[in-house]
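Please read the structure below before turning to the comments.
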Amino acid sequence: MNVLVFDIETVPDIDGGRRLYGLDGLSDEDTVRAMQAQRRQETGGREFLRHHLHRVVAISVVFRHPKLDEGIKVWSLGEPESSETELIQHFFDGLERYTPTLVSWNGSGFDLPVLNYRALINGVVASRYWEEGGGDREFRFNNYLNRFHKRHTDLMDVLSGYQGGAFAPLDEVAALTGLPGKMGMDGSQVLDAWLGGDTKGIRNYCETDVLNTYGVYLHWLVNTGSLAPDELTSELDLLAAYLRRSDQPHLQAFHAAWRGEGEGTDDG
């Protein structure tokens with residue numbers, strides 16, 4: 001298995017907002033409020049900014065690959081102090097090196113469009129990601145860009161049958177499969193955490209989200225016939241053992257919420 005499950009966390013691009021809307025001289029907080037007010041005027045009430053005005057502050061992944069020492073790894077790219085450029089370049093460098101199957105929850109609707117814009121703005125090189133068959137014929141009919149190809153699987157998109165009215169929140173679907181669901185904080189708290197300097201807390205939260213996505217993905221593989229039920233048990237046990245051995249409190253907390261303080265035998 002060569003799978004990279006990913007999730008991003010973002011905050012408003014404050015410098016970009018100042019440039020676009022003439023907000024020089026305002027504090028970061030006031031700039032954000034002005035950007036949100038501008039967005040409310042555009043939408044008639046919604047504050048959620050357009051994709052290109054989201055600054056990436058965390059990219060977390062679950063990487064399942066046979067060449068890893070433990071077969072699996074969970075982490076956030078770069079360091080808490082890494083620039084947006086560094087974070088995004090790390091992400092696309094991973095695609096260049098491993099060509100994994102990408103897995104996300106709403107990645108087609110949010111994460112990848114944000115990364116597309118922010119990679120452009122930051123001058124990031126992402127040639128493997130943009131490959132459509134000109135340099136590698138295998139990408140002609142299975143690439144990262146086509147909504148209906150499997151090299152990127154957006155689980156929310158696929159499970160809803162590509163119907164917006166059937167979209168479901170990750171934490172609820174994860175909880176219904178026996179996973180912990182939302183832990184630590186939620187997306188509405190990311191901005192305050194970032195303004196308060198808690199980048200580490202944002203990265204930890206993003207990692208628990210991506211763990212939920214990976215768990216849902218494994219269950220979906222059983223639906224598709226790509227994974228037998230006994231293989232699902234083995235994959236979940238591999239993940240649980242990794243989390244149990246981790247020295248990261250948030251990963252240990254995820255394990256405890258999922259399987260209890262002991263190892264347990266629950267396969268979901």
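Every chain in the structure tokens has a letter given in the order shown (A, B, ...), and although residue numbers restart at 1 in each chain, ligands are simply numbered from 1 in the order shown.
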Taking 3 positions as the minimum chain separation for residues in the same chain, which residues sit within 7 Å of stretch 72-89 of chain A when counting only C-alpha atoms? Answer as a compact mmCIF listing (two decimals) with N, CA and C atoms, in the first residue's frame.
# COMPACT_ATOMS: atom_id res chain seq x y z
N VAL A 56 -2.00 28.60 4.22
CA VAL A 56 -1.80 27.26 4.80
C VAL A 56 -0.85 27.35 5.99
N VAL A 57 -1.31 26.86 7.15
CA VAL A 57 -0.47 26.89 8.35
C VAL A 57 -0.14 25.49 8.86
N ALA A 58 -0.78 24.47 8.31
CA ALA A 58 -0.47 23.10 8.70
C ALA A 58 -0.90 22.15 7.59
N ILE A 59 -0.07 21.15 7.34
CA ILE A 59 -0.42 20.04 6.46
C ILE A 59 -0.04 18.77 7.21
N SER A 60 -1.03 17.97 7.54
CA SER A 60 -0.79 16.74 8.29
C SER A 60 -1.10 15.55 7.41
N VAL A 61 -0.36 14.45 7.64
CA VAL A 61 -0.50 13.28 6.78
C VAL A 61 -0.43 11.99 7.59
N VAL A 62 -1.10 10.97 7.05
CA VAL A 62 -0.85 9.58 7.41
C VAL A 62 -0.25 8.95 6.16
N PHE A 63 0.94 8.42 6.28
CA PHE A 63 1.62 7.79 5.14
C PHE A 63 1.75 6.30 5.41
N ARG A 64 1.14 5.51 4.55
CA ARG A 64 1.22 4.05 4.65
C ARG A 64 2.05 3.55 3.48
N HIS A 65 3.24 3.03 3.80
CA HIS A 65 4.17 2.62 2.75
C HIS A 65 5.01 1.46 3.27
N LEU A 68 8.54 2.08 5.00
CA LEU A 68 8.68 2.74 6.29
C LEU A 68 9.03 1.71 7.36
N PHE A 92 4.33 18.65 -2.04
CA PHE A 92 4.48 18.26 -3.44
C PHE A 92 5.78 17.49 -3.69
N ASP A 93 6.80 17.72 -2.88
CA ASP A 93 8.02 16.91 -2.98
C ASP A 93 7.71 15.44 -2.66
N ALA A 119 0.29 27.39 -3.91
CA ALA A 119 1.52 26.95 -4.57
C ALA A 119 1.91 27.94 -5.67
N ASN A 122 3.22 31.14 -4.08
CA ASN A 122 4.51 30.96 -3.41
C ASN A 122 5.61 30.41 -4.31
N VAL A 124 5.87 27.45 -5.83
CA VAL A 124 6.18 26.06 -5.53
C VAL A 124 6.20 25.23 -6.81
N VAL A 125 7.16 24.31 -6.92
CA VAL A 125 7.25 23.39 -8.06
C VAL A 125 6.49 22.11 -7.72
N THR A 199 0.63 27.23 17.07
CA THR A 199 0.75 26.45 15.84
C THR A 199 0.85 24.96 16.14
N LYS A 200 1.52 24.61 17.22
CA LYS A 200 1.64 23.20 17.59
C LYS A 200 0.27 22.59 17.86
N ARG A 203 -1.41 21.88 14.57
CA ARG A 203 -0.84 20.70 13.91
C ARG A 203 -1.35 19.42 14.57
N GLU A 207 -3.63 16.49 12.76
CA GLU A 207 -3.22 15.08 12.74
C GLU A 207 -4.35 14.16 13.19
* **Long-range neighbours of A:Gly215 as JSON, numbers by chain, 9 Å cut-off, only C-alpha atoms, 6 positions minimum in chain** => {"A": [174, 177, 179, 236, 239, 268]}
Now that the selection is made, can you save its residues with N, CA and C atoms as an mmCIF file, in the first residue's frame?
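This went into out-v2.cif:
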data_model
loop_
_atom_site.group_PDB
_atom_site.id
_atom_site.type_symbol
_atom_site.label_atom_id
_atom_site.label_comp_id
_atom_site.auth_asym_id
_atom_site.auth_seq_id
_atom_site.Cartn_x
_atom_site.Cartn_y
_atom_site.Cartn_z
ATOM 1 N N ALA A 174 -16.808 9.323 10.806
ATOM 2 C CA ALA A 174 -15.768 8.610 11.543
ATOM 3 C C ALA A 174 -16.326 7.996 12.824
ATOM 4 N N THR A 177 -18.225 4.827 12.397
ATOM 5 C CA THR A 177 -17.436 3.632 12.114
ATOM 6 C C THR A 177 -16.618 3.190 13.322
ATOM 7 N N LEU A 179 -14.541 5.274 15.157
ATOM 8 C CA LEU A 179 -13.372 6.131 15.382
ATOM 9 C C LEU A 179 -13.737 7.284 16.320
ATOM 10 N N LEU A 236 -5.909 -1.839 10.846
ATOM 11 C CA LEU A 236 -6.290 -1.055 12.017
ATOM 12 C C LEU A 236 -5.406 -1.393 13.211
ATOM 13 N N LEU A 239 -2.128 0.458 12.784
ATOM 14 C CA LEU A 239 -2.283 1.860 13.164
ATOM 15 C C LEU A 239 -2.356 2.014 14.681
ATOM 16 N N GLY A 268 -12.909 -1.424 14.824
ATOM 17 C CA GLY A 268 -13.343 -0.190 14.206
ATOM 18 C C GLY A 268 -12.998 1.014 14.997
#
* What lies within 10 Å of A:Met183 using only C-alpha atoms, ignoring chain neighbours under 4 positions off, as a PyMOL selection string? -> chain A and resi 171+204-209+212+250+253-254+257
Dump as a Markdown table the rows for residues of stretch 58-151 of chain A within 10 Å of stretch 162-168 of chain A: closest atom pair and distance in Å with one decimal, only C-alpha atoms counted, ordered by chain and rising residue number.
| residue | atom | partner | partner_atom | distance |
| --- | --- | --- | --- | --- |
| A:Trp105 | CA | A:Ala168 | CA | 9.8 |
| A:Asn106 | CA | A:Phe167 | CA | 9.1 |
| A:Arg147 | CA | A:Tyr162 | CA | 9.4 |
| A:Phe148 | CA | A:Tyr162 | CA | 9.4 |
* 12 Å contact set for A:Tyr217, only C-alpha atoms, chain neighbours under 3 positions out, as a PyMOL selection string -> chain A and resi 3-6+62+64+101-105+153-156+158-159+170+173-174+177+179+210-214+220-224+226-227+232+235-236+268
If you keep N, CA, C and O atoms, can you produce a file of those selected residues as a compact mmCIF listing (two decimals), in the first residue's frame?
# COMPACT_ATOMS: atom_id res chain seq x y z
N VAL A 3 -0.06 4.95 0.23
CA VAL A 3 -1.19 5.88 0.41
C VAL A 3 -0.75 7.05 1.28
O VAL A 3 -0.12 6.86 2.33
N LEU A 4 -1.11 8.25 0.84
CA LEU A 4 -0.86 9.46 1.63
C LEU A 4 -2.20 10.15 1.88
O LEU A 4 -2.80 10.71 0.97
N VAL A 5 -2.66 10.07 3.13
CA VAL A 5 -3.89 10.74 3.54
C VAL A 5 -3.48 12.11 4.07
O VAL A 5 -2.54 12.21 4.87
N PHE A 6 -4.16 13.16 3.65
CA PHE A 6 -3.71 14.49 4.02
C PHE A 6 -4.89 15.39 4.41
O PHE A 6 -6.03 15.18 4.03
N VAL A 62 -1.10 10.97 7.05
CA VAL A 62 -0.85 9.58 7.41
C VAL A 62 -0.25 8.95 6.16
O VAL A 62 -0.87 8.97 5.09
N ARG A 64 1.14 5.51 4.55
CA ARG A 64 1.22 4.05 4.65
C ARG A 64 2.05 3.55 3.48
O ARG A 64 1.66 3.67 2.32
N THR A 101 -1.10 7.22 -3.71
CA THR A 101 -2.52 7.52 -3.83
C THR A 101 -2.85 8.56 -2.77
O THR A 101 -2.57 8.35 -1.58
N LEU A 102 -3.40 9.69 -3.19
CA LEU A 102 -3.81 10.73 -2.25
C LEU A 102 -5.22 10.45 -1.76
O LEU A 102 -6.09 10.07 -2.55
N VAL A 103 -5.44 10.66 -0.47
CA VAL A 103 -6.76 10.46 0.12
C VAL A 103 -7.09 11.68 0.97
O VAL A 103 -6.23 12.17 1.73
N SER A 104 -8.32 12.16 0.84
CA SER A 104 -8.73 13.35 1.60
C SER A 104 -10.21 13.27 1.94
O SER A 104 -10.93 12.38 1.47
N TRP A 105 -10.64 14.21 2.75
CA TRP A 105 -12.06 14.43 3.00
C TRP A 105 -12.35 15.87 2.57
O TRP A 105 -11.87 16.81 3.19
N THR A 153 -8.37 10.27 -4.10
CA THR A 153 -9.71 9.87 -3.68
C THR A 153 -10.21 10.82 -2.62
O THR A 153 -9.69 10.85 -1.50
N ASP A 154 -11.18 11.64 -2.99
CA ASP A 154 -11.86 12.51 -2.02
C ASP A 154 -13.03 11.70 -1.46
O ASP A 154 -14.05 11.51 -2.13
N LEU A 155 -12.88 11.21 -0.25
CA LEU A 155 -13.89 10.31 0.32
C LEU A 155 -15.26 10.96 0.45
O LEU A 155 -16.28 10.31 0.23
N MET A 156 -15.30 12.24 0.81
CA MET A 156 -16.59 12.90 0.93
C MET A 156 -17.29 12.95 -0.42
O MET A 156 -18.50 12.70 -0.53
N VAL A 158 -16.76 10.90 -3.05
CA VAL A 158 -17.09 9.55 -3.53
C VAL A 158 -18.28 8.98 -2.77
O VAL A 158 -19.23 8.45 -3.36
N LEU A 159 -18.25 9.08 -1.44
CA LEU A 159 -19.32 8.47 -0.63
C LEU A 159 -20.66 9.16 -0.84
O LEU A 159 -21.71 8.54 -0.68
N LEU A 170 -16.95 14.80 8.33
CA LEU A 170 -16.01 13.74 8.63
C LEU A 170 -16.17 13.19 10.04
O LEU A 170 -16.17 11.97 10.24
N VAL A 173 -19.15 10.76 10.33
CA VAL A 173 -18.94 9.49 9.63
C VAL A 173 -17.88 8.67 10.37
O VAL A 173 -18.04 7.45 10.55
N ALA A 174 -16.81 9.32 10.81
CA ALA A 174 -15.77 8.61 11.54
C ALA A 174 -16.33 8.00 12.82
O ALA A 174 -16.07 6.82 13.13
N THR A 177 -18.23 4.83 12.40
CA THR A 177 -17.44 3.63 12.11
C THR A 177 -16.62 3.19 13.32
O THR A 177 -15.83 2.25 13.22
N LEU A 179 -14.54 5.27 15.16
CA LEU A 179 -13.37 6.13 15.38
C LEU A 179 -13.74 7.28 16.32
O LEU A 179 -14.92 7.55 16.53
N VAL A 210 -6.74 13.83 10.26
CA VAL A 210 -6.25 12.96 9.19
C VAL A 210 -6.28 11.50 9.62
O VAL A 210 -6.46 10.59 8.79
N LEU A 211 -6.15 11.23 10.90
CA LEU A 211 -6.31 9.86 11.39
C LEU A 211 -7.74 9.37 11.19
O LEU A 211 -7.97 8.21 10.81
N ASN A 212 -8.71 10.22 11.47
CA ASN A 212 -10.10 9.85 11.21
C ASN A 212 -10.32 9.55 9.72
O ASN A 212 -11.00 8.59 9.36
N THR A 213 -9.74 10.39 8.87
CA THR A 213 -9.88 10.18 7.43
C THR A 213 -9.29 8.84 7.02
O THR A 213 -9.89 8.09 6.22
N TYR A 214 -8.13 8.51 7.54
CA TYR A 214 -7.49 7.24 7.20
C TYR A 214 -8.33 6.06 7.66
O TYR A 214 -8.50 5.07 6.92
N TRP A 220 -13.73 2.00 3.77
CA TRP A 220 -14.22 2.13 2.40
C TRP A 220 -13.55 1.12 1.47
O TRP A 220 -14.18 0.59 0.55
N LEU A 221 -12.27 0.82 1.73
CA LEU A 221 -11.58 -0.17 0.91
C LEU A 221 -12.25 -1.54 1.02
O LEU A 221 -12.25 -2.32 0.06
N VAL A 222 -12.83 -1.83 2.17
CA VAL A 222 -13.59 -3.08 2.31
C VAL A 222 -14.84 -3.03 1.43
O VAL A 222 -15.18 -4.00 0.74
N ASN A 223 -15.51 -1.88 1.43
CA ASN A 223 -16.69 -1.71 0.56
C ASN A 223 -16.36 -2.00 -0.90
O ASN A 223 -17.15 -2.61 -1.63
N THR A 224 -15.20 -1.53 -1.35
CA THR A 224 -14.83 -1.64 -2.76
C THR A 224 -14.26 -3.00 -3.12
O THR A 224 -14.01 -3.28 -4.29
N SER A 226 -11.33 -3.94 -2.18
CA SER A 226 -9.87 -3.79 -2.27
C SER A 226 -9.17 -4.31 -1.02
O SER A 226 -7.95 -4.51 -1.03
N LEU A 227 -9.93 -4.50 0.05
CA LEU A 227 -9.38 -4.95 1.32
C LEU A 227 -10.34 -5.96 1.92
O LEU A 227 -11.54 -5.67 2.04
N LEU A 232 -8.53 -5.61 6.91
CA LEU A 232 -8.93 -4.38 7.61
C LEU A 232 -8.49 -4.46 9.07
O LEU A 232 -7.92 -3.50 9.62
N GLU A 235 -4.78 -3.88 9.30
CA GLU A 235 -4.39 -2.50 9.06
C GLU A 235 -4.73 -1.62 10.26
O GLU A 235 -3.96 -0.74 10.65
N LEU A 236 -5.91 -1.84 10.85
CA LEU A 236 -6.29 -1.05 12.02
C LEU A 236 -5.41 -1.39 13.21
O LEU A 236 -5.05 -0.52 14.00
N GLY A 268 -12.91 -1.42 14.82
CA GLY A 268 -13.34 -0.19 14.21
C GLY A 268 -13.00 1.01 15.00
O GLY A 268 -13.30 2.11 14.60
* To do: From the DSSP assignment of the backbone, select every residue of stretch 46-246 of chain A that is strand (DSSP E or B), and format the answer as number ranges by chain.
  => A: 54-64, 72-76, 101-104, 152-154
* **Within 8 Å of A:Leu49 using only C-alpha atoms, minus same-chain residues under 2 positions, as a list in words** => Pro12, Met35, Gln36, Arg39, Glu47, His51, Leu53 and His54 of chain A
Residues from last step as file, N, CA and C atoms, as a short mmCIF file (atom, residue, chain, number, x, y, z; two decimals), in the first residue's frame:
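Once everything was written out, this is selection-v4.cif:
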data_model
loop_
_atom_site.label_atom_id
_atom_site.label_comp_id
_atom_site.auth_asym_id
_atom_site.auth_seq_id
_atom_site.Cartn_x
_atom_site.Cartn_y
_atom_site.Cartn_z
N PRO A 12 -6.84 33.19 7.41
CA PRO A 12 -6.88 34.21 6.37
C PRO A 12 -5.49 34.71 6.00
N MET A 35 -11.65 41.67 6.31
CA MET A 35 -11.75 40.69 5.23
C MET A 35 -13.05 39.90 5.33
N GLN A 36 -13.43 39.56 6.55
CA GLN A 36 -14.68 38.82 6.75
C GLN A 36 -15.89 39.70 6.42
N ARG A 39 -16.27 39.81 2.78
CA ARG A 39 -16.85 38.55 2.28
C ARG A 39 -18.35 38.48 2.56
N GLU A 47 -18.99 34.33 5.93
CA GLU A 47 -17.68 34.93 6.15
C GLU A 47 -16.54 34.10 5.55
N HIS A 51 -10.97 30.59 -1.75
CA HIS A 51 -9.84 29.67 -1.58
C HIS A 51 -8.48 30.37 -1.64
N LEU A 53 -7.51 33.15 -0.69
CA LEU A 53 -7.19 33.99 0.46
C LEU A 53 -6.98 33.20 1.75
N HIS A 54 -6.82 31.89 1.61
CA HIS A 54 -6.50 31.04 2.76
C HIS A 54 -4.99 30.78 2.79
#
* Asked: Got a sec: who's within 8 Å of stretch 94-100 of chain A, counting only C-alpha atoms, leaving out chain neighbours fewer than 5 positions off, as a ChimeraX atom specification?
  -> /A:2-4,126-129,151
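Among the candidates A:Glu138, A:Asp7, A:Asp13, A:Glu172, the one nearest to A:Arg50 when counting only C-alpha atoms is A:Asp13.
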Can I get the residues of stretch 148-209 of chain A within 12 Å of stretch 25-31 of chain A, each with the closest pair of atoms and their distance in Å to one decimal, using only C-alpha atoms, sorted chain first then ascending number, as CSV?
residue,atom,partner,partner_atom,distance
A:Leu191,CA,A:Glu29,CA,9.7
A:Asp192,CA,A:Glu29,CA,9.4
A:Trp194,CA,A:Asp28,CA,11.1
A:Leu195,CA,A:Glu29,CA,8.0
A:Gly196,CA,A:Glu29,CA,10.8
Resulting file, chosen residues, C-alpha atoms, as a CSV table (one decimal), in the first residue's frame:
chain,number,residue,atom,x,y,z
A,191,LEU,CA,-7.7,31.2,13.7
A,192,ASP,CA,-7.7,32.1,17.4
A,194,TRP,CA,-2.9,30.8,15.3
A,195,LEU,CA,-3.3,34.4,16.4
A,196,GLY,CA,-2.4,33.2,19.9
* Filtered DSSP result for stretch 14-180 of chain A, state helix (DSSP H, G or I), as an MDAnalysis selection string -> chainID A and resid 14:21 28:43 51:53 84:98 107:122 137:139 155:159 164:166 170:176
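Among the candidates A:Pro66, A:Gly133, A:Gly161, A:Gly201, the residue lying nearest to A:Gln248 is A:Gly201 (atoms considered: only C-alpha atoms).
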